[in-house]
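Beneath this line is the structure, given in structure tokens, with notes to follow.
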Amino acid sequence: MGVESRKHISCFEGVGQGFYGAIRVLVYASKDGIESIEILVHTEDEFVGEPAMLALADTVQAVNSTAVDAISGATESSRGFLDAVNNALEQLK
């Protein structure tokens, strides 16, 4: 019989300022790093800003860092999203 391992995952909310307004995210993190990012609320453009944030969420999770480049054409949305994630991660400290 194997030993079951359970990962402790914490959830933190963060806010950043995008091109059109506030961006709120939930960041799920464990001792291993960022597990997932959920975009709660935003008013960014659905054709440019939103896809950029979704792509960044995948990238940030994959590299376990917010030190990534903004998406060209959606720079302010990207910065706001990354600021929101960083704001959430500050609560880990």
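FYI, nothing fancy with the structure tokens labels: chains A, B, ... in order, residues from 1 per chain, ligands from 1 as they appear.
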I need the alpha helix (DSSP H) residues of chain A per DSSP on the backbone, written as a PDB file with N, CA and C atoms, in the first residue's frame.
ATOM      1  N   GLY A  49      -6.817  42.194 -25.107  1.00  0.00           N
ATOM      2  CA  GLY A  49      -6.370  42.115 -23.718  1.00  0.00           C
ATOM      3  C   GLY A  49      -6.637  40.780 -23.058  1.00  0.00           C
ATOM      4  N   GLU A  50      -7.847  40.266 -23.226  1.00  0.00           N
ATOM      5  CA  GLU A  50      -8.193  38.997 -22.579  1.00  0.00           C
ATOM      6  C   GLU A  50      -7.350  37.829 -23.093  1.00  0.00           C
ATOM      7  N   PRO A  51      -7.207  37.660 -24.420  1.00  0.00           N
ATOM      8  CA  PRO A  51      -6.345  36.563 -24.884  1.00  0.00           C
ATOM      9  C   PRO A  51      -4.890  36.724 -24.419  1.00  0.00           C
ATOM     10  N   ALA A  52      -4.429  37.963 -24.330  1.00  0.00           N
ATOM     11  CA  ALA A  52      -3.062  38.192 -23.852  1.00  0.00           C
ATOM     12  C   ALA A  52      -2.918  37.733 -22.405  1.00  0.00           C
ATOM     13  N   MET A  53      -3.902  38.068 -21.574  1.00  0.00           N
ATOM     14  CA  MET A  53      -3.834  37.658 -20.174  1.00  0.00           C
ATOM     15  C   MET A  53      -3.908  36.141 -20.029  1.00  0.00           C
ATOM     16  N   LEU A  54      -4.736  35.491 -20.819  1.00  0.00           N
ATOM     17  CA  LEU A  54      -4.829  34.034 -20.768  1.00  0.00           C
ATOM     18  C   LEU A  54      -3.505  33.388 -21.182  1.00  0.00           C
ATOM     19  N   ALA A  55      -2.886  33.933 -22.220  1.00  0.00           N
ATOM     20  CA  ALA A  55      -1.587  33.412 -22.657  1.00  0.00           C
ATOM     21  C   ALA A  55      -0.530  33.627 -21.576  1.00  0.00           C
ATOM     22  N   LEU A  56      -0.548  34.803 -20.957  1.00  0.00           N
ATOM     23  CA  LEU A  56       0.414  35.085 -19.894  1.00  0.00           C
ATOM     24  C   LEU A  56       0.199  34.176 -18.690  1.00  0.00           C
ATOM     25  N   ALA A  57      -1.050  33.887 -18.368  1.00  0.00           N
ATOM     26  CA  ALA A  57      -1.326  32.990 -17.240  1.00  0.00           C
ATOM     27  C   ALA A  57      -0.664  31.635 -17.471  1.00  0.00           C
ATOM     28  N   ASP A  58      -0.782  31.117 -18.670  1.00  0.00           N
ATOM     29  CA  ASP A  58      -0.149  29.835 -19.007  1.00  0.00           C
ATOM     30  C   ASP A  58       1.370  29.929 -18.927  1.00  0.00           C
ATOM     31  N   THR A  59       1.932  31.022 -19.454  1.00  0.00           N
ATOM     32  CA  THR A  59       3.384  31.203 -19.461  1.00  0.00           C
ATOM     33  C   THR A  59       3.929  31.354 -18.048  1.00  0.00           C
ATOM     34  N   VAL A  60       3.284  32.205 -17.255  1.00  0.00           N
ATOM     35  CA  VAL A  60       3.733  32.431 -15.872  1.00  0.00           C
ATOM     36  C   VAL A  60       3.703  31.123 -15.091  1.00  0.00           C
ATOM     37  N   GLN A  61       2.658  30.350 -15.267  1.00  0.00           N
ATOM     38  CA  GLN A  61       2.573  29.068 -14.574  1.00  0.00           C
ATOM     39  C   GLN A  61       3.668  28.115 -15.058  1.00  0.00           C
ATOM     40  N   ALA A  62       3.897  28.071 -16.357  1.00  0.00           N
ATOM     41  CA  ALA A  62       4.882  27.140 -16.919  1.00  0.00           C
ATOM     42  C   ALA A  62       6.307  27.451 -16.457  1.00  0.00           C
ATOM     43  N   VAL A  63       6.651  28.745 -16.400  1.00  0.00           N
ATOM     44  CA  VAL A  63       8.017  29.120 -16.015  1.00  0.00           C
ATOM     45  C   VAL A  63       8.124  29.467 -14.532  1.00  0.00           C
ATOM     46  N   THR A  75       0.253  45.631 -24.303  1.00  0.00           N
ATOM     47  CA  THR A  75       1.266  45.911 -23.281  1.00  0.00           C
ATOM     48  C   THR A  75       0.655  46.308 -21.943  1.00  0.00           C
ATOM     49  N   GLU A  76      -0.288  47.226 -21.938  1.00  0.00           N
ATOM     50  CA  GLU A  76      -0.879  47.678 -20.668  1.00  0.00           C
ATOM     51  C   GLU A  76      -1.695  46.578 -19.998  1.00  0.00           C
ATOM     52  N   SER A  77      -2.427  45.816 -20.779  1.00  0.00           N
ATOM     53  CA  SER A  77      -3.167  44.675 -20.222  1.00  0.00           C
ATOM     54  C   SER A  77      -2.198  43.659 -19.633  1.00  0.00           C
ATOM     55  N   SER A  78      -1.104  43.409 -20.345  1.00  0.00           N
ATOM     56  CA  SER A  78      -0.086  42.471 -19.868  1.00  0.00           C
ATOM     57  C   SER A  78       0.523  42.952 -18.562  1.00  0.00           C
ATOM     58  N   ARG A  79       0.910  44.214 -18.519  1.00  0.00           N
ATOM     59  CA  ARG A  79       1.523  44.763 -17.302  1.00  0.00           C
ATOM     60  C   ARG A  79       0.550  44.721 -16.134  1.00  0.00           C
ATOM     61  N   GLY A  80      -0.699  45.070 -16.387  1.00  0.00           N
ATOM     62  CA  GLY A  80      -1.709  45.026 -15.326  1.00  0.00           C
ATOM     63  C   GLY A  80      -1.912  43.620 -14.793  1.00  0.00           C
ATOM     64  N   PHE A  81      -1.955  42.657 -15.702  1.00  0.00           N
ATOM     65  CA  PHE A  81      -2.103  41.258 -15.304  1.00  0.00           C
ATOM     66  C   PHE A  81      -0.912  40.811 -14.467  1.00  0.00           C
ATOM     67  N   LEU A  82       0.295  41.094 -14.942  1.00  0.00           N
ATOM     68  CA  LEU A  82       1.499  40.696 -14.214  1.00  0.00           C
ATOM     69  C   LEU A  82       1.585  41.399 -12.860  1.00  0.00           C
ATOM     70  N   ASP A  83       1.171  42.661 -12.804  1.00  0.00           N
ATOM     71  CA  ASP A  83       1.129  43.380 -11.523  1.00  0.00           C
ATOM     72  C   ASP A  83       0.149  42.708 -10.556  1.00  0.00           C
ATOM     73  N   ALA A  84      -0.996  42.265 -11.081  1.00  0.00           N
ATOM     74  CA  ALA A  84      -1.990  41.592 -10.245  1.00  0.00           C
ATOM     75  C   ALA A  84      -1.428  40.285  -9.683  1.00  0.00           C
ATOM     76  N   VAL A  85      -0.743  39.528 -10.529  1.00  0.00           N
ATOM     77  CA  VAL A  85      -0.136  38.266 -10.073  1.00  0.00           C
ATOM     78  C   VAL A  85       0.938  38.557  -9.025  1.00  0.00           C
ATOM     79  N   ASN A  86       1.784  39.555  -9.285  1.00  0.00           N
ATOM     80  CA  ASN A  86       2.818  39.922  -8.316  1.00  0.00           C
ATOM     81  C   ASN A  86       2.199  40.383  -7.001  1.00  0.00           C
ATOM     82  N   ASN A  87       1.112  41.141  -7.084  1.00  0.00           N
ATOM     83  CA  ASN A  87       0.408  41.600  -5.894  1.00  0.00           C
ATOM     84  C   ASN A  87      -0.071  40.404  -5.068  1.00  0.00           C
ATOM     85  N   ALA A  88      -0.597  39.403  -5.735  1.00  0.00           N
ATOM     86  CA  ALA A  88      -1.038  38.186  -5.029  1.00  0.00           C
ATOM     87  C   ALA A  88       0.137  37.444  -4.428  1.00  0.00           C
ATOM     88  N   LEU A  89       1.221  37.319  -5.177  1.00  0.00           N
ATOM     89  CA  LEU A  89       2.390  36.565  -4.701  1.00  0.00           C
ATOM     90  C   LEU A  89       3.088  37.241  -3.532  1.00  0.00           C
TER      91      LEU A  89
END
Strand (DSSP E) residues, from DSSP on the backbone, in chain A, as a PyMOL selection string: chain A and resi 10-17+22-30+33-41
Would you mind listing what lies within 7 Å of A:Ile37 as a compact mmCIF listing (two decimals) with C-alpha atoms, in the first residue's frame, with only C-alpha atoms counted and same-chain residues fewer than 5 positions away left out?
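As a result, part36.txt now contains:
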# COMPACT_ATOMS: atom_id res chain seq x y z
CA VAL A 25 -6.75 37.47 -10.20
CA LEU A 26 -6.56 34.47 -7.89
CA VAL A 27 -3.18 32.78 -7.74
CA TYR A 28 -2.99 29.23 -6.42
CA ALA A 57 -1.33 32.99 -17.24
Just to confirm, what's the straight-line distance from atom CA of A:Ala70 to atom CA of A:Gly18 in Å (one decimal)? 12.1 Å
Would you please work out which residue, of A:Ala29, A:Phe19, A:Glu46, A:Val41, is nearest to A:Gln91 when using only C-alpha atoms?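 That would be A:Ala29, the residue with the smallest distance to A:Gln91.
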Which one of A:Ala67, A:Val48, A:Ser10, A:Ala74 sits closest to A:Lys31 if you count only C-alpha atoms?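 The answer is A:Ser10, which sits nearest to A:Lys31.
Going from atom CA of A:Asp45 over to atom CA of A:Val68, you cover 20.9 Å.
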